[in-house]
file structure_28.cif (mmCIF, C-alpha atoms and all ligand atoms)
data_start
#
loop_
_atom_site.label_atom_id
_atom_site.label_comp_id
_atom_site.auth_asym_id
_atom_site.auth_seq_id
_atom_site.Cartn_x
_atom_site.Cartn_y
_atom_site.Cartn_z
CA MET D 845 -102.81 -32.35 55.41
CA ALA D 846 -100.15 -31.00 57.76
CA LEU D 847 -100.01 -31.49 61.52
CA LYS D 848 -100.27 -28.53 63.84
CA GLY D 849 -97.01 -27.19 65.19
CA THR D 850 -94.67 -28.95 62.75
CA LYS D 851 -92.19 -27.33 60.39
CA ALA D 852 -90.85 -28.17 56.94
CA GLY D 853 -87.66 -27.07 55.21
CA GLU D 854 -87.36 -27.07 51.43
CA GLY D 855 -84.88 -25.28 49.22
CA GLN D 856 -84.13 -21.99 50.97
CA ALA D 857 -87.40 -21.78 52.92
CA ILE D 858 -88.40 -23.10 56.34
CA ILE D 859 -92.12 -22.95 56.94
CA SER D 860 -94.54 -23.73 59.73
CA LEU D 861 -97.36 -26.15 58.98
CA ARG D 862 -100.86 -26.07 60.33
CA GLU D 863 -103.75 -28.47 60.56
CA GLY D 864 -106.24 -27.80 57.79
CA VAL D 865 -103.69 -26.20 55.45
CA PHE D 866 -102.42 -28.35 52.60
CA TYR D 867 -98.76 -29.30 52.37
CA ASN D 868 -97.47 -32.31 50.44
CA PRO D 869 -93.76 -33.08 50.90
CA GLU D 870 -93.91 -35.30 47.79
CA MET D 871 -94.27 -32.15 45.68
CA GLU D 872 -90.84 -30.85 46.74
CA LEU D 873 -89.29 -31.99 43.44
CA CYS D 874 -92.03 -30.17 41.52
CA ARG D 875 -91.37 -26.99 43.52
CA ASP D 876 -87.58 -27.38 43.03
CA LEU D 877 -88.01 -27.60 39.26
CA SER D 878 -90.60 -24.81 39.03
CA SER D 879 -88.33 -22.54 41.05
CA LEU D 880 -85.38 -23.37 38.78
CA CYS D 881 -87.57 -22.71 35.74
CA LEU D 882 -88.66 -19.32 37.06
CA GLY D 883 -85.03 -18.43 37.73
CA ALA D 884 -84.00 -19.63 34.28
CA ILE D 885 -86.59 -17.42 32.57
CA GLY D 886 -84.81 -14.27 33.75
CA GLY D 887 -86.23 -10.74 33.52
CA LYS D 888 -87.85 -9.02 36.51
CA LEU D 889 -91.11 -10.74 37.32
CA SER D 890 -94.17 -9.89 39.36
CA VAL D 891 -95.36 -13.28 40.59
CA VAL D 892 -98.67 -14.55 41.98
CA ASP D 893 -99.02 -17.91 43.72
CA ALA D 894 -102.80 -17.97 43.25
CA MET D 895 -103.45 -21.14 45.30
CA CYS D 896 -100.72 -20.78 47.88
CA ALA D 897 -101.82 -22.96 50.86
CA SER D 898 -98.81 -22.62 53.27
CA GLY D 899 -97.12 -20.26 50.78
CA ILE D 900 -94.19 -22.64 50.28
CA ARG D 901 -94.13 -22.41 46.48
CA GLY D 902 -94.26 -18.63 46.13
CA LEU D 903 -91.92 -18.09 49.08
CA ARG D 904 -89.37 -20.43 47.53
CA TYR D 905 -89.70 -18.64 44.17
CA ARG D 906 -88.89 -15.34 45.90
CA LYS D 907 -86.11 -16.59 48.17
CA GLU D 908 -84.31 -18.69 45.58
CA ASN D 909 -84.39 -16.28 42.63
CA ARG D 910 -83.15 -12.75 42.12
CA ASN D 911 -85.61 -12.06 39.29
CA VAL D 912 -88.80 -11.90 41.42
CA LYS D 913 -89.59 -8.21 41.88
CA SER D 914 -92.86 -8.75 43.77
CA LEU D 915 -94.91 -11.65 45.14
CA ALA D 916 -98.59 -12.12 45.95
CA LEU D 917 -99.87 -15.16 47.88
CA VAL D 918 -103.57 -15.93 47.43
CA ASP D 919 -105.90 -18.62 48.73
CA THR D 920 -109.62 -18.96 49.44
CA SER D 921 -108.88 -20.44 52.86
CA SER D 922 -108.43 -17.91 55.68
CA ARG D 923 -106.35 -20.47 57.61
CA ALA D 924 -104.05 -20.85 54.61
CA VAL D 925 -103.65 -17.10 54.14
CA SER D 926 -102.84 -16.47 57.81
CA LEU D 927 -100.27 -19.29 57.71
CA ALA D 928 -98.79 -17.98 54.44
CA ARG D 929 -98.52 -14.49 56.02
CA ARG D 930 -96.74 -15.96 59.05
CA ASN D 931 -94.42 -17.98 56.82
CA ALA D 932 -93.60 -14.92 54.72
CA LYS D 933 -92.64 -13.03 57.88
CA SER D 934 -90.47 -15.85 59.29
CA ASN D 935 -88.72 -16.16 55.90
CA LYS D 936 -88.21 -12.37 55.73
CA VAL D 937 -90.14 -12.13 52.46
CA LYS D 938 -92.16 -8.98 51.77
CA CYS D 939 -95.31 -9.89 49.87
CA ARG D 940 -99.02 -9.27 49.51
CA CYS D 941 -101.22 -11.95 51.12
CA ALA D 942 -104.89 -12.05 50.12
CA ARG D 943 -107.83 -14.23 50.93
CA ALA D 944 -109.56 -14.43 47.57
CA ASP D 945 -110.82 -16.67 44.84
CA ALA D 946 -107.99 -17.09 42.33
CA CYS D 947 -110.22 -16.22 39.37
CA GLU D 948 -111.57 -13.03 40.94
CA PHE D 949 -108.08 -11.99 42.01
CA LEU D 950 -106.64 -12.60 38.54
CA ARG D 951 -109.42 -10.58 36.91
CA ARG D 952 -108.59 -7.55 39.07
CA ASN D 953 -104.78 -7.74 39.01
CA GLU D 954 -101.92 -8.34 36.61
CA PHE D 955 -98.68 -10.26 36.92
CA ASP D 956 -95.79 -11.47 34.78
CA PHE D 957 -95.83 -14.99 36.21
CA VAL D 958 -99.04 -16.74 37.30
CA GLU D 959 -98.82 -19.93 39.32
CA LEU D 960 -101.86 -22.25 39.36
CA ASP D 961 -101.47 -25.24 41.67
CA PRO D 962 -105.02 -26.46 42.35
CA PHE D 963 -106.43 -29.71 43.64
CA GLY D 964 -107.06 -31.71 40.45
CA SER D 965 -107.51 -29.89 37.16
CA PRO D 966 -106.37 -26.31 36.42
CA ALA D 967 -108.93 -26.10 33.59
CA PRO D 968 -111.54 -23.96 35.46
CA TYR D 969 -108.91 -21.28 36.21
CA LEU D 970 -107.25 -20.95 32.81
CA HIS D 971 -109.64 -18.40 31.33
CA ASP D 972 -109.11 -15.84 34.10
CA ALA D 973 -105.38 -16.57 34.17
CA ALA D 974 -105.18 -15.82 30.43
CA TYR D 975 -107.28 -12.66 30.93
CA SER D 976 -104.91 -11.48 33.69
CA PHE D 977 -102.14 -10.95 31.10
CA ARG D 978 -104.36 -8.56 29.08
CA THR D 979 -102.09 -5.50 29.44
CA LYS D 980 -98.86 -7.42 28.90
CA LYS D 981 -96.81 -8.14 25.80
CA ALA D 982 -95.55 -11.36 27.35
CA GLY D 983 -95.94 -13.46 30.49
CA TYR D 984 -95.58 -16.91 32.01
CA LEU D 985 -98.27 -19.32 33.12
CA SER D 986 -97.27 -22.22 35.36
CA VAL D 987 -99.87 -24.98 35.85
CA THR D 988 -99.99 -28.23 37.79
CA ALA D 989 -102.57 -30.93 37.05
CA THR D 990 -103.13 -33.89 39.37
CA ASP D 991 -106.17 -35.30 37.55
CA MET D 992 -104.03 -37.90 35.82
CA ALA D 993 -106.77 -40.53 35.56
CA VAL D 994 -108.77 -38.02 33.52
CA LEU D 995 -105.87 -36.86 31.31
CA CYS D 996 -104.60 -40.42 30.80
CA GLY D 997 -107.94 -41.73 29.58
CA ALA D 998 -109.45 -43.65 32.50
CA HIS D 999 -112.32 -41.11 32.65
CA TYR D 1000 -113.09 -40.40 29.04
CA ALA D 1001 -116.14 -38.17 29.56
CA ALA D 1002 -114.40 -36.04 32.21
CA CYS D 1003 -111.51 -35.39 29.81
CA MET D 1004 -113.91 -34.20 27.12
CA LYS D 1005 -115.72 -32.01 29.68
CA ASN D 1006 -112.62 -30.45 31.29
CA TYR D 1007 -110.24 -30.27 28.35
CA GLY D 1008 -112.47 -30.53 25.27
CA ALA D 1009 -110.29 -33.44 24.10
CA LEU D 1010 -110.46 -37.19 23.62
CA PRO D 1011 -107.85 -38.97 25.79
CA LEU D 1012 -106.02 -42.18 24.93
CA ASP D 1013 -105.25 -44.84 27.54
CA ASN D 1014 -102.11 -46.36 26.01
CA GLU D 1015 -98.41 -46.82 26.85
CA PHE D 1016 -97.56 -43.16 26.18
CA CYS D 1017 -100.64 -41.82 27.97
CA HIS D 1018 -98.49 -39.45 30.06
CA GLU D 1019 -97.30 -37.71 26.90
CA ASN D 1020 -100.90 -37.52 25.69
CA ALA D 1021 -101.77 -36.04 29.10
CA VAL D 1022 -99.32 -33.13 28.92
CA ARG D 1023 -100.27 -32.49 25.30
CA ILE D 1024 -103.99 -32.41 26.12
CA LEU D 1025 -103.28 -29.97 28.97
CA ALA D 1026 -101.07 -27.87 26.68
CA GLY D 1027 -103.75 -27.91 23.97
CA LYS D 1028 -106.27 -26.53 26.45
CA VAL D 1029 -103.85 -23.77 27.51
CA VAL D 1030 -103.10 -22.82 23.87
CA LEU D 1031 -106.82 -22.75 23.03
CA THR D 1032 -107.68 -20.67 26.11
CA CYS D 1033 -104.92 -18.10 25.50
CA ALA D 1034 -105.49 -17.66 21.75
CA PRO D 1035 -108.73 -15.58 21.94
CA PHE D 1036 -106.80 -13.11 24.14
CA ASN D 1037 -104.25 -12.86 21.29
CA PHE D 1038 -101.62 -14.78 23.21
CA ALA D 1039 -99.50 -17.55 21.72
CA ALA D 1040 -98.76 -20.04 24.51
CA SER D 1041 -95.78 -22.36 24.17
CA PRO D 1042 -94.30 -24.70 26.78
CA VAL D 1043 -90.85 -23.85 28.13
CA PHE D 1044 -90.84 -26.69 30.66
CA THR D 1045 -92.77 -29.94 31.02
CA LEU D 1046 -92.61 -32.51 33.80
CA SER D 1047 -94.47 -35.76 34.31
CA HIS D 1048 -93.83 -37.27 37.73
CA ARG D 1049 -95.81 -39.70 39.87
CA HIS D 1050 -99.40 -38.45 40.22
CA TYR D 1051 -99.05 -35.07 38.53
CA VAL D 1052 -97.82 -33.09 35.54
CA LYS D 1053 -96.31 -29.61 35.65
CA MET D 1054 -95.98 -27.25 32.69
CA VAL D 1055 -94.69 -23.69 32.39
CA PHE D 1056 -95.81 -21.72 29.33
CA ARG D 1057 -94.45 -18.56 27.76
CA LEU D 1058 -97.25 -16.29 26.50
CA GLU D 1059 -96.48 -13.84 23.71
CA TRP D 1060 -98.93 -11.22 22.55
CA GLY D 1061 -99.91 -10.96 18.88
CA SER D 1062 -102.81 -12.25 16.82
CA GLN D 1063 -100.62 -13.87 14.16
CA GLY D 1064 -98.61 -15.74 16.79
CA ALA D 1065 -101.84 -16.90 18.44
CA VAL D 1066 -102.98 -18.32 15.07
CA GLU D 1067 -99.60 -20.06 14.62
CA ALA D 1068 -99.98 -21.56 18.11
CA ILE D 1069 -103.39 -22.96 17.17
CA LYS D 1070 -101.81 -24.55 14.09
CA LYS D 1071 -99.71 -26.70 16.45
CA LEU D 1072 -102.87 -28.44 17.64
CA GLY D 1073 -103.78 -31.76 16.08
CA PHE D 1074 -104.63 -35.38 16.80
CA ALA D 1075 -102.59 -38.39 17.85
CA ALA D 1076 -103.37 -41.62 15.99
CA TYR D 1077 -102.53 -44.96 17.61
CA CYS D 1078 -102.79 -48.58 16.55
CA PRO D 1079 -103.46 -50.85 19.56
CA GLN D 1080 -102.28 -53.88 17.56
CA CYS D 1081 -98.78 -52.84 16.36
CA CYS D 1082 -98.24 -49.57 18.34
CA PHE D 1083 -98.03 -47.40 15.20
CA ARG D 1084 -98.42 -43.78 16.18
CA GLU D 1085 -98.41 -40.39 14.50
CA ALA D 1086 -99.52 -36.83 15.11
CA ALA D 1087 -101.42 -35.01 12.35
CA ARG D 1088 -103.35 -31.76 11.98
CA ILE D 1089 -106.44 -33.67 10.86
CA ALA D 1090 -107.56 -37.15 11.94
CA ASN D 1091 -108.06 -38.51 8.42
CA LYS D 1092 -106.86 -42.13 8.55
CA GLU D 1093 -109.20 -44.90 9.62
CA LYS D 1094 -106.84 -47.88 9.38
CA CYS D 1095 -103.25 -48.41 10.53
CA PRO D 1096 -100.88 -47.97 7.54
CA HIS D 1097 -98.67 -50.71 8.99
CA CYS D 1098 -101.14 -53.51 9.90
CA SER D 1099 -104.59 -52.21 8.78
CA HIS D 1100 -106.07 -52.44 12.29
CA GLN D 1101 -108.60 -49.76 13.28
CA LEU D 1102 -106.80 -46.64 14.59
CA GLN D 1103 -107.63 -44.89 17.86
CA TYR D 1104 -107.38 -41.11 18.29
CA ALA D 1105 -106.62 -38.56 21.01
CA GLY D 1106 -107.08 -34.82 20.70
CA PRO D 1107 -107.26 -32.10 19.84
CA LEU D 1108 -103.91 -31.74 21.58
CA TYR D 1109 -100.65 -29.82 21.30
CA THR D 1110 -98.14 -31.44 18.93
CA GLY D 1111 -95.22 -28.98 19.24
CA LEU D 1112 -92.10 -28.84 21.40
CA LEU D 1113 -92.47 -29.53 25.12
CA TRP D 1114 -89.28 -27.79 26.29
CA ASP D 1115 -87.29 -24.68 25.48
CA GLU D 1116 -83.66 -25.77 25.22
CA PRO D 1117 -82.05 -22.54 26.59
CA VAL D 1118 -84.41 -22.68 29.59
CA LEU D 1119 -83.44 -26.31 30.30
CA LYS D 1120 -79.74 -25.41 30.07
CA ALA D 1121 -80.18 -22.44 32.38
CA MET D 1122 -82.08 -24.68 34.84
CA LEU D 1123 -79.15 -27.11 34.84
CA ALA D 1124 -76.73 -24.28 35.60
CA LEU D 1125 -78.91 -22.94 38.43
CA ASN D 1126 -79.36 -26.42 39.89
CA ALA D 1127 -75.58 -26.73 40.19
CA GLU D 1128 -75.61 -23.58 42.40
CA GLN D 1129 -78.74 -24.08 44.51
CA GLY D 1130 -77.67 -27.03 46.66
CA PHE D 1131 -81.12 -28.62 46.67
CA ARG D 1132 -81.51 -31.93 48.52
CA ARG D 1133 -82.41 -33.64 45.25
CA ALA D 1134 -79.77 -31.92 43.10
CA ALA D 1135 -78.43 -35.19 41.67
CA GLN D 1136 -81.92 -36.46 40.74
CA ILE D 1137 -82.74 -33.07 39.17
CA GLU D 1138 -79.52 -33.04 37.14
CA LYS D 1139 -80.27 -36.51 35.75
CA LEU D 1140 -83.87 -35.62 34.97
CA LEU D 1141 -83.01 -32.33 33.23
CA ARG D 1142 -80.30 -34.05 31.16
CA THR D 1143 -82.80 -36.71 30.06
CA GLN D 1144 -85.28 -33.98 29.12
CA LEU D 1145 -82.59 -32.08 27.23
CA SER D 1146 -81.79 -35.11 25.09
CA GLU D 1147 -85.40 -36.22 24.57
CA SER D 1148 -86.39 -32.65 23.63
CA LYS D 1149 -84.32 -32.96 20.42
CA ILE D 1150 -86.51 -35.81 19.10
CA THR D 1151 -89.79 -34.42 17.88
CA GLN D 1152 -91.70 -37.57 16.84
CA TYR D 1153 -94.94 -38.08 18.74
CA GLY D 1154 -95.01 -40.76 21.45
CA TYR D 1155 -92.30 -42.76 23.20
CA TYR D 1156 -91.92 -46.53 22.81
CA ASP D 1157 -92.16 -48.69 25.94
CA LEU D 1158 -89.88 -51.67 25.40
CA HIS D 1159 -92.07 -53.96 27.53
CA VAL D 1160 -95.21 -53.12 25.57
CA ILE D 1161 -93.39 -53.55 22.23
CA ALA D 1162 -92.13 -57.00 23.24
CA LYS D 1163 -95.63 -58.03 24.35
CA LYS D 1164 -97.31 -56.79 21.18
CA THR D 1165 -94.72 -58.22 18.77
CA GLY D 1166 -94.16 -61.47 20.67
CA GLY D 1167 -90.43 -60.68 20.82
CA THR D 1168 -88.11 -60.66 23.81
CA ILE D 1169 -87.77 -57.52 25.93
CA LYS D 1170 -84.68 -55.66 24.73
CA SER D 1171 -82.51 -53.95 27.31
CA MET D 1172 -82.56 -50.16 27.06
CA ASP D 1173 -78.89 -50.07 26.10
CA ALA D 1174 -79.37 -52.71 23.35
CA ALA D 1175 -82.39 -50.90 21.90
CA LEU D 1176 -80.64 -47.50 21.91
CA ALA D 1177 -77.53 -49.03 20.32
CA ALA D 1178 -79.55 -50.79 17.58
CA LEU D 1179 -81.38 -47.59 16.65
CA ARG D 1180 -78.29 -45.37 16.78
CA GLY D 1181 -76.28 -47.96 14.85
CA ALA D 1182 -78.83 -47.71 12.04
CA GLY D 1183 -78.40 -43.94 11.93
CA PHE D 1184 -81.46 -42.86 13.92
CA ALA D 1185 -81.64 -40.60 16.96
CA ALA D 1186 -82.67 -42.51 20.09
CA GLU D 1187 -82.86 -41.31 23.69
CA ARG D 1188 -84.40 -42.26 27.01
CA THR D 1189 -87.49 -40.33 28.08
CA HIS D 1190 -88.19 -38.86 31.51
CA PHE D 1191 -91.84 -39.96 31.09
CA CYS D 1192 -91.10 -43.65 31.67
CA PRO D 1193 -87.97 -45.59 32.74
CA THR D 1194 -88.63 -48.48 30.32
CA ALA D 1195 -89.33 -46.26 27.29
CA LEU D 1196 -87.35 -44.41 24.62
CA ARG D 1197 -87.86 -41.83 21.92
CA THR D 1198 -86.54 -42.26 18.43
CA SER D 1199 -86.50 -40.57 15.05
CA ALA D 1200 -86.87 -44.00 13.37
CA PRO D 1201 -90.08 -44.48 11.36
CA HIS D 1202 -92.37 -47.11 12.89
CA GLU D 1203 -91.51 -49.93 10.45
CA LYS D 1204 -87.77 -49.33 10.96
CA PHE D 1205 -88.25 -49.25 14.72
CA LEU D 1206 -90.08 -52.59 14.71
CA GLY D 1207 -87.43 -54.10 12.45
CA LEU D 1208 -84.60 -53.01 14.76
CA VAL D 1209 -86.20 -53.40 18.21
CA GLY D 1210 -89.44 -55.37 17.79
CA LYS D 1211 -87.99 -58.87 17.36
C1 LIG Y 1 -102.86 -28.17 46.08
S1 LIG Y 1 -103.10 -26.89 47.20
C2 LIG Y 1 -101.78 -25.78 46.84
C3 LIG Y 1 -100.47 -26.28 47.29
C4 LIG Y 1 -99.34 -25.28 47.31
N1 LIG Y 1 -99.23 -24.51 46.08
C5 LIG Y 1 -98.04 -26.00 47.61
O1 LIG Y 1 -97.12 -26.04 46.74
O2 LIG Y 1 -97.95 -26.56 48.72
C6 LIG Y 1 -104.48 -26.04 46.58
C7 LIG Y 1 -104.87 -24.79 47.38
O3 LIG Y 1 -105.83 -24.09 46.58
C8 LIG Y 1 -106.75 -23.47 47.44
N2 LIG Y 1 -107.93 -23.16 46.59
C9 LIG Y 1 -108.91 -24.01 46.16
N3 LIG Y 1 -109.75 -23.34 45.33
C10 LIG Y 1 -109.25 -22.07 45.21
C11 LIG Y 1 -109.66 -20.92 44.48
N4 LIG Y 1 -110.74 -20.94 43.69
N5 LIG Y 1 -108.91 -19.80 44.60
C12 LIG Y 1 -107.81 -19.75 45.39
N6 LIG Y 1 -107.39 -20.82 46.11
C13 LIG Y 1 -108.10 -21.95 46.03
C14 LIG Y 1 -106.97 -24.48 48.53
O4 LIG Y 1 -107.47 -23.85 49.72
C15 LIG Y 1 -105.56 -25.05 48.71
O5 LIG Y 1 -104.88 -24.38 49.73
ZN ZN Y 2 -101.03 -51.31 13.32
#

call {"tool": "encode", "arguments": {"input": "structure_28.cif", "output": "structure tokens", "more": "lines below"}}
Ligand SMILES: C[S@@+](CC[C@H](N)C(=O)[O-])C[C@H]1O[C@@H](n2cnc3c(N)ncnc32)[C@H](O)[C@@H]1O
Ligand SMILES: [Zn+2]
result
Amino acid sequence: MALKGTKAGEGQAIISLREGVFYNPEMELCRDLSSLCLGAIGGKLSVVDAMCASGIRGLRYRKENRNVKSLALVDTSSRAVSLARRNAKSNKVKCRCARADACEFLRRNEFDFVELDPFGSPAPYLHDAAYSFRTKKAGYLSVTATDMAVLCGAHYAACMKNYGALPLDNEFCHENAVRILAGKVVLTCAPFNFAASPVFTLSHRHYVKMVFRLEWGSQGAVEAIKKLGFAAYCPQCCFREAARIANKEKCPHCSHQLQYAGPLYTGLLWDEPVLKAMLALNAEQGFRRAAQIEKLLRTQLSESKITQYGYYDLHVIAKKTGGTIKSMDAALAALRGAGFAAERTHFCPTALRTSAPHEKFLGLVGK
């Protein structure tokens, strides 16, 4: 919660803060990356920040990108809307400011880019967000989720209730989390004949952020549904795989009972041209965290090329196999030396992604 009378500067916006209106400076990186993503998408976009609080997110989108043709800032809180209006004026941004429930507003209006940044889970807002694209051939849906304990499997029942999916509390739970969220978005958009596919995915601290491209067409929506499946995991040897149908009971490597997560999205988490365009924009924007963003986007660009489900945490592998913890460089070199792709992952600093099959991975890195 912000203190009365203080100001904050982020990207190209300087905003006033006010007691009772939410502002979290720790989300600056998330706003930097979302703004870069919106800029990278191109086109001419009508944008709604449907849970705007101070307005910082939407105002940054507008100020930092030439492809925002109109902006609406919406919040249920009258304090938030009056602050957002004031911040729009001081930042010389023309926009519509409305005190409204996001769902009601989305049902009555239409936009090219819908931003949902709620407290906790975006799940209750997805249906009306998907409906809001009804007259469009394409659109973008940007969602933040901060209910990580739910998505990562600490609150099993809540995950089933909010996302219709079983979670899995294991070493790649943050990947499961974004894939469960993406699965829910794909499932919610499909009955409106929209195929949803992620163009950008971020897991950072207490939240995940995903931006989806929505494309109209019943066949595409069916194809999107075909990317849903289940993740199998062996808690004994860390075997993992993603499959359309959960049809194995025992681990093919060690015969231990498998655990499952899903249904969840098993497709690509990033669009490579969007990531490259974000990198180019970041070099121009002069953000405070430009160096951190560059490193993160480069990691995502390399990990996006490896499509196997689930990253390997070197600490967990050493513990489970009784081997010594390999350094990241040694593990990457061993895998690459054997002809497999291997890259760091932005999800976890002690983990990597590889194209090596599980047995090969254990042989090269497990002991
Ligand atoms: C996490 S804050 C948004 C933060 C903001 N986007 C930012 O980047 O600083 C969530 C906001 O959603 C608003 N809110 C909660 N439920 C809402 C609803 N149903 N419709 C619109 N706004 C809502 C709250 O008043 C709060 O200001
Ligand atoms: Zn096993």

call {"tool": "residues_near_ligand", "arguments": {"input": "structure_28.cif", "ligand": "ligand ZN 2 (chain Y)", "cutoff": "8 Å", "atoms": "only C-alpha atoms and all ligand atoms", "output": "PyMOL selection string"}}
result
chain D and resi 1077-1083+1094-1102

call {"tool": "residues_near_ligand", "arguments": {"input": "structure_28.cif", "ligand": "ligand LIG 1 (chain Y)", "cutoff": "8 Å", "atoms": "all atoms listed in the file", "output": "PyMOL selection string"}}
result
chain D and resi 865-868+871-872+875+893-902+918-921+924+943-947+960-964+969

call {"tool": "residues_near_point", "arguments": {"input": "structure_28.cif", "point": "(-103.4, -33.2, 35.2)", "cutoff": "9 Å", "atoms": "all atoms listed in the file", "output": "list in words"}}
result
Gly964, Ser965, Pro966, Val987, Thr988, Ala989, Thr990, Asp991, Met992, Ala993, Val994, Leu995, Cys996, Ala1021, Val1022, Leu1025, His1050, Tyr1051, Val1052 and Lys1053 of chain D

call {"tool": "residues_around", "arguments": {"input": "structure_28.cif", "residues": "D:Ala1182", "least_positions_apart": "4", "cutoff": "12 Å", "atoms": "only C-alpha atoms", "output": "ChimeraX atom specification"}}
result
/D:1175-1178,1186,1198-1201,1204-1205,1207-1209

call {"tool": "atom_distance", "arguments": {"input": "structure_28.cif", "atom1": "atom CA of D:Leu1158", "atom2": "atom CA of D:Glu1203"}}
result
15.1 Å

call {"tool": "atom_distance", "arguments": {"input": "structure_28.cif", "atom1": "atom CA of D:Leu1123", "atom2": "atom CA of D:Leu1179"}}
result
27.5 Å

call {"tool": "residues_around", "arguments": {"input": "structure_28.cif", "residues": "D:Arg1142", "least_positions_apart": "5", "cutoff": "9 Å", "atoms": "all atoms listed in the file", "output": "number ranges by chain"}}
result
D: 1119-1120, 1123, 1137, 1147

call {"tool": "atom_distance", "arguments": {"input": "structure_28.cif", "atom1": "atom CA of D:Leu927", "atom2": "atom CA of D:Ala857"}}
result
14.0 Å

call {"tool": "closest_residue", "arguments": {"input": "structure_28.cif", "among": "D:Ala1105, D:Leu1113, D:Met1004, D:Ala1087", "to": "D:Lys1149", "atoms": "only C-alpha atoms"}}
result
D:Leu1113

call {"tool": "residues_around", "arguments": {"input": "structure_28.cif", "residues": "D:Val1160", "least_positions_apart": "5", "cutoff": "10 Å", "atoms": "all atoms listed in the file", "output": "number ranges by chain"}}
result
D: 1014-1015, 1081-1082, 1165-1166, 1169, 1194-1195, 1210

call {"tool": "write_last_selection", "arguments": {"input": "structure_28.cif", "atoms": "C-alpha atoms", "output": "short mmCIF file (atom, residue, chain, number, x, y, z; two decimals), in the coordinates of the input"}}
result
data_model
loop_
_atom_site.label_atom_id
_atom_site.label_comp_id
_atom_site.auth_asym_id
_atom_site.auth_seq_id
_atom_site.Cartn_x
_atom_site.Cartn_y
_atom_site.Cartn_z
CA ASN D 1014 -102.11 -46.36 26.01
CA GLU D 1015 -98.41 -46.82 26.85
CA CYS D 1081 -98.78 -52.84 16.36
CA CYS D 1082 -98.24 -49.57 18.34
CA THR D 1165 -94.72 -58.22 18.77
CA GLY D 1166 -94.16 -61.47 20.67
CA ILE D 1169 -87.77 -57.52 25.93
CA THR D 1194 -88.63 -48.48 30.32
CA ALA D 1195 -89.33 -46.26 27.29
CA GLY D 1210 -89.44 -55.37 17.79
#

call {"tool": "build_atoms", "arguments": {"input": "structure_28.cif", "residues": "stretch 1104-1108 of chain D", "atoms": "all heavy atoms", "output": "PDB file, in the frame of the given file"}}
result
ATOM      1  N   TYR D1104    -107.819 -42.511  18.336  1.00  0.00           N
ATOM      2  CA  TYR D1104    -107.380 -41.110  18.290  1.00  0.00           C
ATOM      3  C   TYR D1104    -107.456 -40.418  19.656  1.00  0.00           C
ATOM      4  O   TYR D1104    -108.337 -40.723  20.462  1.00  0.00           O
ATOM      5  CB  TYR D1104    -108.238 -40.314  17.306  1.00  0.00           C
ATOM      6  CG  TYR D1104    -107.776 -40.493  15.874  1.00  0.00           C
ATOM      7  CD1 TYR D1104    -108.372 -41.430  15.042  1.00  0.00           C
ATOM      8  CD2 TYR D1104    -106.723 -39.733  15.385  1.00  0.00           C
ATOM      9  CE1 TYR D1104    -107.934 -41.605  13.731  1.00  0.00           C
ATOM     10  CE2 TYR D1104    -106.279 -39.899  14.079  1.00  0.00           C
ATOM     11  CZ  TYR D1104    -106.880 -40.824  13.263  1.00  0.00           C
ATOM     12  OH  TYR D1104    -106.431 -40.981  11.987  1.00  0.00           O
ATOM     13  N   ALA D1105    -106.538 -39.489  19.872  1.00  0.00           N
ATOM     14  CA  ALA D1105    -106.620 -38.560  21.010  1.00  0.00           C
ATOM     15  C   ALA D1105    -106.532 -37.152  20.457  1.00  0.00           C
ATOM     16  O   ALA D1105    -105.854 -36.905  19.469  1.00  0.00           O
ATOM     17  CB  ALA D1105    -105.469 -38.812  21.982  1.00  0.00           C
ATOM     18  N   GLY D1106    -107.199 -36.217  21.116  1.00  0.00           N
ATOM     19  CA  GLY D1106    -107.080 -34.820  20.700  1.00  0.00           C
ATOM     20  C   GLY D1106    -108.434 -34.119  20.652  1.00  0.00           C
ATOM     21  O   GLY D1106    -109.449 -34.718  20.990  1.00  0.00           O
ATOM     22  N   PRO D1107    -108.423 -32.853  20.282  1.00  0.00           N
ATOM     23  CA  PRO D1107    -107.260 -32.100  19.840  1.00  0.00           C
ATOM     24  C   PRO D1107    -106.256 -31.881  20.973  1.00  0.00           C
ATOM     25  O   PRO D1107    -106.656 -31.682  22.122  1.00  0.00           O
ATOM     26  CB  PRO D1107    -107.843 -30.768  19.352  1.00  0.00           C
ATOM     27  CG  PRO D1107    -109.138 -30.628  20.077  1.00  0.00           C
ATOM     28  CD  PRO D1107    -109.653 -32.021  20.267  1.00  0.00           C
ATOM     29  N   LEU D1108    -104.989 -31.920  20.602  1.00  0.00           N
ATOM     30  CA  LEU D1108    -103.910 -31.740  21.580  1.00  0.00           C
ATOM     31  C   LEU D1108    -102.738 -31.014  20.919  1.00  0.00           C
ATOM     32  O   LEU D1108    -102.680 -30.876  19.700  1.00  0.00           O
ATOM     33  CB  LEU D1108    -103.496 -33.081  22.180  1.00  0.00           C
ATOM     34  CG  LEU D1108    -103.318 -34.298  21.251  1.00  0.00           C
ATOM     35  CD1 LEU D1108    -102.122 -34.160  20.356  1.00  0.00           C
ATOM     36  CD2 LEU D1108    -103.221 -35.564  22.073  1.00  0.00           C
TER      37      LEU D1108
END
